[in-house]
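Working notes, structure below.
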Amino acid sequence: MKLVCKKANLLNGISAVSKAVPAKTTMPILECILIDASKGVIKLIANDMELGIETIIEGDIIEKGIIALNAKIFSEIIRSFTGDVITIETDGGYNTRIVCEKAKFDIVGKSGEDFSYLPEIPEIEKENSIVISQFTLKEIIRQTIFSIADNDNNKMMTGELFEISGNQLKVVSLDGHRISLRNIELKDSYDYIKVVVPGKTLNEISKILTGEADKDVVIYFTDKHILFEFDNTIVLSRLIEGEYFKIDQMLSNDYETKFKINRKDFLDCINRATLLIREGEKKPIIINVTETNMELKINSTSGSMDENIDISKEGKDIMIGFNPKFLIDALKVIDDEEIDIYMVNPKAPCIIRNHDSSYLYLILPVNFTVTN
């Protein structure tokens, strides 16, 4: 095998597929990126048994072939070069020479056939699919991914629900303390689809997407897999199997208190209050809502702070406490200038909505002690 590529093309390809290289594994072949130039294109592939990423890069194939190279070493070598043109050549076996200008590396790869023994990125039937812009998909992930659970105690909480009905896409994440929900209107109508996508997959997809509004992603669904196809890249992942939580039963339109508040003012206020919270210290933000005012205060071992923000309120006064991080996470990803907040009582979840209810965030309150 002999290839000639531009450094920028190689790095872009390596960066994309490296998202599917596991940090730790007992199988050395999984630590590799497969370079497949056996069929007229230069294809880079990585596969961690759950997530597979494949991308095609531009370059010249002088001699066809296939080789698997350690992803970390390969990436670091390519990044180290100062020149623009890189040659990759094998000796017919596993010995691989990588050359750029006067720099030359000789490393030992692994058989492409060893890589092929892994569960392949399967050829799925491209029947059920939707089309969405890269910008929209990237935004959906940004506005929901922080609400998934970061451990495997409940596998379903480590993924996100994707539910398509007609021209409506609903994406939901939850971790037992909060729920994020995004409603998107698609350009076309589709058959009903309901799947749970691993959060890891969505995280990695978000890093690869350029986020351009005029570039689309085609998402294909099967019973066990989801495939994202965009630019010259495909990302295929196993789905999380099982029944997702009955979200509609957790959400209610009932409220005793509703108020409108400037999102940035609210976020800035909470950020100021958290300056007094030391790492590992669990101190709630206490919110006291009265007629036209919301008082926010916090007490910690470092001191105390309180601040007032103007609001427009309907219903009863209320005093309620929240984990400040959970509020910050939601307020950071809402783009609207003003938001509506709905509350029932100090023990019930509150709901944050944007102006058109395309974004909804539910958060459970926490217990607190009032101190003077």
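Naming scheme: A, B, ... for chains in displayed order of the structure tokens; residues 1 onward per chain; ligands 1 onward as shown.
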Env of A:Tyr255: 7 Å cut, atoms = only C-alpha atoms, seq-sep filter 4 positions within chain, self excluded. Answer as a PDB file with N, CA and C atoms, in the first residue's frame.
ATOM      1  N   TYR A 342     -42.596  27.748  35.873  1.00  0.00           N
ATOM      2  CA  TYR A 342     -43.849  27.291  36.473  1.00  0.00           C
ATOM      3  C   TYR A 342     -43.537  26.478  37.724  1.00  0.00           C
ATOM      4  N   MET A 343     -44.247  26.769  38.821  1.00  0.00           N
ATOM      5  CA  MET A 343     -44.040  26.052  40.078  1.00  0.00           C
ATOM      6  C   MET A 343     -45.382  25.695  40.702  1.00  0.00           C
ATOM      7  N   VAL A 344     -45.384  24.608  41.468  1.00  0.00           N
ATOM      8  CA  VAL A 344     -46.600  24.172  42.164  1.00  0.00           C
ATOM      9  C   VAL A 344     -46.461  24.415  43.658  1.00  0.00           C
TER      10      VAL A 344
END
Which residues, written as a PDB file with N, CA, C and O atoms, in the first residue's frame, have at least one atom at most 8 Å from A:Ile334, with only C-alpha atoms counted and residues fewer than 3 positions away on the same chain left out?
ATOM      1  N   GLN A 143     -28.464  21.112  23.889  1.00  0.00           N
ATOM      2  CA  GLN A 143     -29.516  21.528  24.815  1.00  0.00           C
ATOM      3  C   GLN A 143     -30.110  20.386  25.631  1.00  0.00           C
ATOM      4  O   GLN A 143     -30.996  20.623  26.447  1.00  0.00           O
ATOM      5  N   ALA A 330     -29.305  24.438  32.459  1.00  0.00           N
ATOM      6  CA  ALA A 330     -30.440  24.737  31.577  1.00  0.00           C
ATOM      7  C   ALA A 330     -30.371  26.161  31.042  1.00  0.00           C
ATOM      8  O   ALA A 330     -30.575  26.396  29.837  1.00  0.00           O
ATOM      9  N   LEU A 331     -30.088  27.128  31.892  1.00  0.00           N
ATOM     10  CA  LEU A 331     -30.102  28.532  31.482  1.00  0.00           C
ATOM     11  C   LEU A 331     -29.019  28.829  30.447  1.00  0.00           C
ATOM     12  O   LEU A 331     -29.176  29.705  29.593  1.00  0.00           O
ATOM     13  N   ASN A 354     -39.160  27.988  27.168  1.00  0.00           N
ATOM     14  CA  ASN A 354     -38.876  29.175  26.363  1.00  0.00           C
ATOM     15  C   ASN A 354     -40.182  29.701  25.774  1.00  0.00           C
ATOM     16  O   ASN A 354     -41.256  29.148  26.033  1.00  0.00           O
ATOM     17  N   TYR A 359     -38.555  24.229  23.903  1.00  0.00           N
ATOM     18  CA  TYR A 359     -37.609  23.711  24.890  1.00  0.00           C
ATOM     19  C   TYR A 359     -38.282  23.689  26.252  1.00  0.00           C
ATOM     20  O   TYR A 359     -38.889  24.671  26.674  1.00  0.00           O
TER      21      TYR A 359
END
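For the choices A:Met319, A:Leu275, A:Ile363, A:Val217, the atom-to-atom distance to A:Asn299 is smallest for A:Leu275 when using only C-alpha atoms.
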So that I can see what lies close to stretch 188-197 of chain A, please list as a PDB file with N, CA and C atoms, in the first residue's frame the residues with an atom at most 9 Å from it, counting only C-alpha atoms and leaving out residues fewer than 2 positions away in the same chain.
ATOM      1  N   ASN A 128     -36.032   3.515   7.026  1.00  0.00           N
ATOM      2  CA  ASN A 128     -36.557   4.547   7.927  1.00  0.00           C
ATOM      3  C   ASN A 128     -35.489   5.608   8.157  1.00  0.00           C
ATOM      4  N   SER A 129     -35.759   6.818   7.734  1.00  0.00           N
ATOM      5  CA  SER A 129     -34.758   7.873   7.889  1.00  0.00           C
ATOM      6  C   SER A 129     -35.428   9.224   8.040  1.00  0.00           C
ATOM      7  N   ILE A 130     -34.672  10.176   8.571  1.00  0.00           N
ATOM      8  CA  ILE A 130     -35.099  11.574   8.603  1.00  0.00           C
ATOM      9  C   ILE A 130     -33.925  12.432   8.144  1.00  0.00           C
ATOM     10  N   VAL A 131     -34.225  13.639   7.711  1.00  0.00           N
ATOM     11  CA  VAL A 131     -33.191  14.590   7.307  1.00  0.00           C
ATOM     12  C   VAL A 131     -33.293  15.806   8.211  1.00  0.00           C
ATOM     13  N   MET A 156     -30.984   3.059  30.646  1.00  0.00           N
ATOM     14  CA  MET A 156     -31.884   3.905  29.868  1.00  0.00           C
ATOM     15  C   MET A 156     -31.591   5.388  30.088  1.00  0.00           C
ATOM     16  N   THR A 158     -28.728   6.708  30.410  1.00  0.00           N
ATOM     17  CA  THR A 158     -27.481   7.120  29.755  1.00  0.00           C
ATOM     18  C   THR A 158     -27.702   7.449  28.286  1.00  0.00           C
ATOM     19  N   GLY A 159     -28.963   7.333  27.831  1.00  0.00           N
ATOM     20  CA  GLY A 159     -29.281   7.636  26.439  1.00  0.00           C
ATOM     21  C   GLY A 159     -30.335   8.712  26.326  1.00  0.00           C
ATOM     22  N   GLU A 160     -30.676   9.065  25.078  1.00  0.00           N
ATOM     23  CA  GLU A 160     -31.710  10.057  24.824  1.00  0.00           C
ATOM     24  C   GLU A 160     -32.783   9.453  23.928  1.00  0.00           C
ATOM     25  N   LEU A 161     -34.016   9.791  24.244  1.00  0.00           N
ATOM     26  CA  LEU A 161     -35.146   9.359  23.432  1.00  0.00           C
ATOM     27  C   LEU A 161     -35.238  10.216  22.174  1.00  0.00           C
ATOM     28  N   PHE A 162     -35.317   9.575  21.014  1.00  0.00           N
ATOM     29  CA  PHE A 162     -35.635  10.234  19.750  1.00  0.00           C
ATOM     30  C   PHE A 162     -36.977   9.682  19.296  1.00  0.00           C
ATOM     31  N   GLU A 163     -37.985  10.538  19.252  1.00  0.00           N
ATOM     32  CA  GLU A 163     -39.322  10.108  18.870  1.00  0.00           C
ATOM     33  C   GLU A 163     -39.824  10.986  17.722  1.00  0.00           C
ATOM     34  N   ILE A 164     -40.122  10.350  16.584  1.00  0.00           N
ATOM     35  CA  ILE A 164     -40.588  11.065  15.403  1.00  0.00           C
ATOM     36  C   ILE A 164     -42.035  10.699  15.136  1.00  0.00           C
ATOM     37  N   SER A 165     -42.870  11.724  14.979  1.00  0.00           N
ATOM     38  CA  SER A 165     -44.279  11.515  14.652  1.00  0.00           C
ATOM     39  C   SER A 165     -44.677  12.583  13.642  1.00  0.00           C
ATOM     40  N   GLY A 166     -44.940  12.161  12.396  1.00  0.00           N
ATOM     41  CA  GLY A 166     -45.245  13.137  11.353  1.00  0.00           C
ATOM     42  C   GLY A 166     -44.050  14.029  11.093  1.00  0.00           C
ATOM     43  N   ASN A 167     -44.230  15.336  11.238  1.00  0.00           N
ATOM     44  CA  ASN A 167     -43.101  16.259  11.027  1.00  0.00           C
ATOM     45  C   ASN A 167     -42.537  16.781  12.347  1.00  0.00           C
ATOM     46  N   GLN A 168     -42.811  16.055  13.434  1.00  0.00           N
ATOM     47  CA  GLN A 168     -42.343  16.462  14.756  1.00  0.00           C
ATOM     48  C   GLN A 168     -41.277  15.498  15.281  1.00  0.00           C
ATOM     49  N   GLU A 185     -39.594  20.967  14.626  1.00  0.00           N
ATOM     50  CA  GLU A 185     -40.443  20.756  13.463  1.00  0.00           C
ATOM     51  C   GLU A 185     -39.554  20.440  12.264  1.00  0.00           C
ATOM     52  N   LEU A 186     -39.753  19.264  11.676  1.00  0.00           N
ATOM     53  CA  LEU A 186     -38.967  18.837  10.532  1.00  0.00           C
ATOM     54  C   LEU A 186     -39.580  19.367   9.235  1.00  0.00           C
ATOM     55  N   GLY A 199     -25.932   8.248  24.906  1.00  0.00           N
ATOM     56  CA  GLY A 199     -25.400   9.600  25.068  1.00  0.00           C
ATOM     57  C   GLY A 199     -23.986   9.722  24.536  1.00  0.00           C
ATOM     58  N   LYS A 200     -23.189   8.658  24.685  1.00  0.00           N
ATOM     59  CA  LYS A 200     -21.806   8.685  24.182  1.00  0.00           C
ATOM     60  C   LYS A 200     -21.806   8.942  22.682  1.00  0.00           C
ATOM     61  N   THR A 201     -22.681   8.268  21.961  1.00  0.00           N
ATOM     62  CA  THR A 201     -22.772   8.450  20.509  1.00  0.00           C
ATOM     63  C   THR A 201     -23.086   9.901  20.168  1.00  0.00           C
ATOM     64  N   LEU A 202     -24.069  10.473  20.859  1.00  0.00           N
ATOM     65  CA  LEU A 202     -24.476  11.851  20.570  1.00  0.00           C
ATOM     66  C   LEU A 202     -23.369  12.844  20.909  1.00  0.00           C
ATOM     67  N   PHE A 221     -32.678   4.636  10.830  1.00  0.00           N
ATOM     68  CA  PHE A 221     -33.060   3.879  12.025  1.00  0.00           C
ATOM     69  C   PHE A 221     -33.358   2.423  11.662  1.00  0.00           C
ATOM     70  N   THR A 222     -32.872   1.498  12.485  1.00  0.00           N
ATOM     71  CA  THR A 222     -33.310   0.105  12.423  1.00  0.00           C
ATOM     72  C   THR A 222     -33.712  -0.299  13.836  1.00  0.00           C
ATOM     73  N   ASP A 223     -34.059  -1.553  14.030  1.00  0.00           N
ATOM     74  CA  ASP A 223     -34.459  -2.016  15.361  1.00  0.00           C
ATOM     75  C   ASP A 223     -33.315  -1.928  16.365  1.00  0.00           C
ATOM     76  N   LYS A 224     -32.075  -2.085  15.892  1.00  0.00           N
ATOM     77  CA  LYS A 224     -30.948  -2.167  16.819  1.00  0.00           C
ATOM     78  C   LYS A 224     -29.882  -1.113  16.588  1.00  0.00           C
ATOM     79  N   HIS A 225     -29.952  -0.380  15.484  1.00  0.00           N
ATOM     80  CA  HIS A 225     -28.889   0.563  15.161  1.00  0.00           C
ATOM     81  C   HIS A 225     -29.454   1.915  14.736  1.00  0.00           C
ATOM     82  N   ILE A 226     -28.594   2.927  14.865  1.00  0.00           N
ATOM     83  CA  ILE A 226     -28.862   4.244  14.293  1.00  0.00           C
ATOM     84  C   ILE A 226     -27.627   4.638  13.515  1.00  0.00           C
ATOM     85  N   SER A 237     -24.154   3.366  15.440  1.00  0.00           N
ATOM     86  CA  SER A 237     -24.156   3.012  16.857  1.00  0.00           C
ATOM     87  C   SER A 237     -25.278   2.030  17.148  1.00  0.00           C
ATOM     88  N   ARG A 238     -25.022   1.181  18.115  1.00  0.00           N
ATOM     89  CA  ARG A 238     -26.105   0.361  18.654  1.00  0.00           C
ATOM     90  C   ARG A 238     -27.066   1.253  19.425  1.00  0.00           C
ATOM     91  N   LEU A 239     -28.319   0.890  19.421  1.00  0.00           N
ATOM     92  CA  LEU A 239     -29.314   1.584  20.227  1.00  0.00           C
ATOM     93  C   LEU A 239     -29.387   0.949  21.609  1.00  0.00           C
ATOM     94  N   ILE A 240     -29.941   1.675  22.568  1.00  0.00           N
ATOM     95  CA  ILE A 240     -30.235   1.107  23.888  1.00  0.00           C
ATOM     96  C   ILE A 240     -31.603   0.461  23.798  1.00  0.00           C
ATOM     97  N   GLU A 241     -31.659  -0.823  24.076  1.00  0.00           N
ATOM     98  CA  GLU A 241     -32.915  -1.552  23.922  1.00  0.00           C
ATOM     99  C   GLU A 241     -33.732  -1.489  25.208  1.00  0.00           C
ATOM    100  N   GLY A 242     -35.034  -1.410  25.057  1.00  0.00           N
ATOM    101  CA  GLY A 242     -35.924  -1.357  26.205  1.00  0.00           C
ATOM    102  C   GLY A 242     -36.939  -0.237  26.052  1.00  0.00           C
ATOM    103  N   GLU A 243     -37.842  -0.162  27.003  1.00  0.00           N
ATOM    104  CA  GLU A 243     -38.908   0.840  26.976  1.00  0.00           C
ATOM    105  C   GLU A 243     -38.458   2.085  27.727  1.00  0.00           C
ATOM    106  N   TYR A 244     -38.546   3.248  27.068  1.00  0.00           N
ATOM    107  CA  TYR A 244     -38.152   4.497  27.714  1.00  0.00           C
ATOM    108  C   TYR A 244     -39.219   4.921  28.712  1.00  0.00           C
TER     109      TYR A 244
END
Report task. DSSP on the backbone, then: every residue of stretch 10-237 of chain A marked alpha helix (DSSP H), written as a ChimeraX atom specification. Result -> /A:10-17,71-80,112-116,134-142,199-208
Only C-alpha atoms, please: the residues just picked out, written as a PDB file, in the first residue's frame.
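again27.pdb was written with the following content:
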ATOM      1  CA  LEU A  10      -5.433  13.120   7.344  1.00  0.00           C
ATOM      2  CA  LEU A  11      -5.866  15.017  10.597  1.00  0.00           C
ATOM      3  CA  ASN A  12      -9.543  15.707   9.917  1.00  0.00           C
ATOM      4  CA  GLY A  13     -10.140  12.023   9.225  1.00  0.00           C
ATOM      5  CA  ILE A  14      -8.163  10.859  12.248  1.00  0.00           C
ATOM      6  CA  SER A  15      -9.989  13.340  14.479  1.00  0.00           C
ATOM      7  CA  ALA A  16     -13.367  12.057  13.313  1.00  0.00           C
ATOM      8  CA  VAL A  17     -12.775   8.316  13.649  1.00  0.00           C
ATOM      9  CA  ALA A  71      -4.520   5.390  16.770  1.00  0.00           C
ATOM     10  CA  LYS A  72      -2.547   7.305  19.408  1.00  0.00           C
ATOM     11  CA  ILE A  73       0.847   6.803  17.768  1.00  0.00           C
ATOM     12  CA  PHE A  74      -0.498   7.458  14.273  1.00  0.00           C
ATOM     13  CA  SER A  75      -2.260  10.638  15.371  1.00  0.00           C
ATOM     14  CA  GLU A  76       0.765  11.986  17.245  1.00  0.00           C
ATOM     15  CA  ILE A  77       3.088  11.288  14.318  1.00  0.00           C
ATOM     16  CA  ILE A  78       0.851  13.106  11.839  1.00  0.00           C
ATOM     17  CA  ARG A  79       0.402  16.063  14.192  1.00  0.00           C
ATOM     18  CA  SER A  80       4.175  16.339  14.689  1.00  0.00           C
ATOM     19  CA  GLY A 112      -6.388  -5.324   8.279  1.00  0.00           C
ATOM     20  CA  GLU A 113      -7.812  -8.833   8.436  1.00  0.00           C
ATOM     21  CA  ASP A 114      -7.473  -8.782  12.240  1.00  0.00           C
ATOM     22  CA  PHE A 115      -9.605  -5.644  12.225  1.00  0.00           C
ATOM     23  CA  SER A 116     -12.185  -7.344  10.027  1.00  0.00           C
ATOM     24  CA  GLN A 134     -26.185  19.814  11.040  1.00  0.00           C
ATOM     25  CA  PHE A 135     -26.853  23.038  12.933  1.00  0.00           C
ATOM     26  CA  THR A 136     -30.166  21.778  14.338  1.00  0.00           C
ATOM     27  CA  LEU A 137     -28.811  18.381  15.377  1.00  0.00           C
ATOM     28  CA  LYS A 138     -25.807  19.958  17.073  1.00  0.00           C
ATOM     29  CA  GLU A 139     -28.116  22.372  18.927  1.00  0.00           C
ATOM     30  CA  ILE A 140     -30.474  19.578  20.016  1.00  0.00           C
ATOM     31  CA  ILE A 141     -27.563  17.655  21.508  1.00  0.00           C
ATOM     32  CA  ARG A 142     -26.154  20.773  23.207  1.00  0.00           C
ATOM     33  CA  GLY A 199     -25.400   9.600  25.068  1.00  0.00           C
ATOM     34  CA  LYS A 200     -21.806   8.685  24.182  1.00  0.00           C
ATOM     35  CA  THR A 201     -22.772   8.450  20.509  1.00  0.00           C
ATOM     36  CA  LEU A 202     -24.476  11.851  20.570  1.00  0.00           C
ATOM     37  CA  ASN A 203     -21.519  13.436  22.362  1.00  0.00           C
ATOM     38  CA  GLU A 204     -19.112  12.197  19.710  1.00  0.00           C
ATOM     39  CA  ILE A 205     -21.444  13.133  16.839  1.00  0.00           C
ATOM     40  CA  SER A 206     -21.635  16.669  18.207  1.00  0.00           C
ATOM     41  CA  LYS A 207     -17.831  16.975  18.137  1.00  0.00           C
ATOM     42  CA  ILE A 208     -17.635  15.885  14.484  1.00  0.00           C
TER      43      ILE A 208
END
Set the distance at 6 Å and use only C-alpha atoms: which residues neighbour A:Ile56 once local chain neighbours fewer than 5 positions away are removed? I'd like the list as a short mmCIF file (atom, residue, chain, number, x, y, z; two decimals) with all heavy atoms, in the first residue's frame.
data_model
loop_
_atom_site.label_atom_id
_atom_site.label_comp_id
_atom_site.auth_asym_id
_atom_site.auth_seq_id
_atom_site.Cartn_x
_atom_site.Cartn_y
_atom_site.Cartn_z
N ILE A 42 -9.73 6.31 -0.04
CA ILE A 42 -9.00 6.18 1.22
C ILE A 42 -10.00 6.32 2.35
O ILE A 42 -10.59 7.38 2.56
CB ILE A 42 -7.90 7.25 1.35
CG1 ILE A 42 -6.93 7.16 0.17
CG2 ILE A 42 -7.14 7.06 2.67
CD1 ILE A 42 -5.95 8.31 0.10
N LYS A 43 -10.19 5.23 3.05
CA LYS A 43 -11.20 5.17 4.10
C LYS A 43 -10.52 4.94 5.44
O LYS A 43 -9.68 4.05 5.58
CB LYS A 43 -12.18 4.03 3.79
CG LYS A 43 -13.45 4.02 4.60
CD LYS A 43 -14.34 2.85 4.20
CE LYS A 43 -14.93 3.02 2.82
NZ LYS A 43 -15.90 1.94 2.50
N ASN A 232 -18.54 13.20 4.24
CA ASN A 232 -18.01 11.91 3.79
C ASN A 232 -17.87 10.94 4.95
O ASN A 232 -17.02 10.04 4.93
CB ASN A 232 -16.64 12.10 3.12
CG ASN A 232 -16.74 12.78 1.77
OD1 ASN A 232 -17.61 12.43 0.97
ND2 ASN A 232 -15.89 13.75 1.52
#
Query raised in the report: With only C-alpha atoms as the atoms that count, which of A:Asn151, A:Ser304, A:Asn9, A:Ser180 lies nearest to A:Ser358?
Result: A:Ser180
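Within the 6 Å cut-off around A:Ile53, using only C-alpha atoms and omitting residues fewer than 6 positions from it on the same chain, the listed residues are Val17, Ile45, Ala46, Ile234 and Val235 of chain A.
The list of residues with at least one atom within 9 Å of A:Asn293, based on only C-alpha atoms and without residues fewer than 3 positions apart in the same chain, reads Asn288, Val289, Thr290, Asn308, Ile309, Asp310, Ile311, Ser312 and Lys313 of chain A.
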Query raised in the report: DSSP says strand (DSSP E) for which residues of stretch 261-361 of chain A? Put them as a PyMOL selection string?
Result: chain A and resi 261-262+285-289+293-300+303-310+312-315+318-322+338-343+350-353+359-361
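Taking atom CA of A:Cys100 as the reference point, atom CA of A:Lys7 is found at 9.0 Å.
Residues surrounding A:Val41 within 10 Å are A:Ile56, A:Ile57, A:Glu58, A:Gly59, A:Asp60, A:Ile61, A:Lys64 [only C-alpha atoms; sequence separation below 6 positions excluded].
Take the candidates A:Asp106, A:Glu281, A:Glu127, A:Asp268 and check each one against A:Asn323 using only C-alpha atoms; the shortest distance goes to A:Glu281.
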**Report entry** Two-atom distance - atom CA of A:Thr233, atom CA of A:Thr26 (Å)
**Finding:** 27.1 Å
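Counting only C-alpha atoms, the residue from A:Ile270, A:Ile33, A:Leu276, A:Met294 that sits nearest to A:Lys332 is A:Ile270.
One distance worth recording is that between atom CA of A:Ser133 and atom CA of A:Ile339, which is 25.5 Å.
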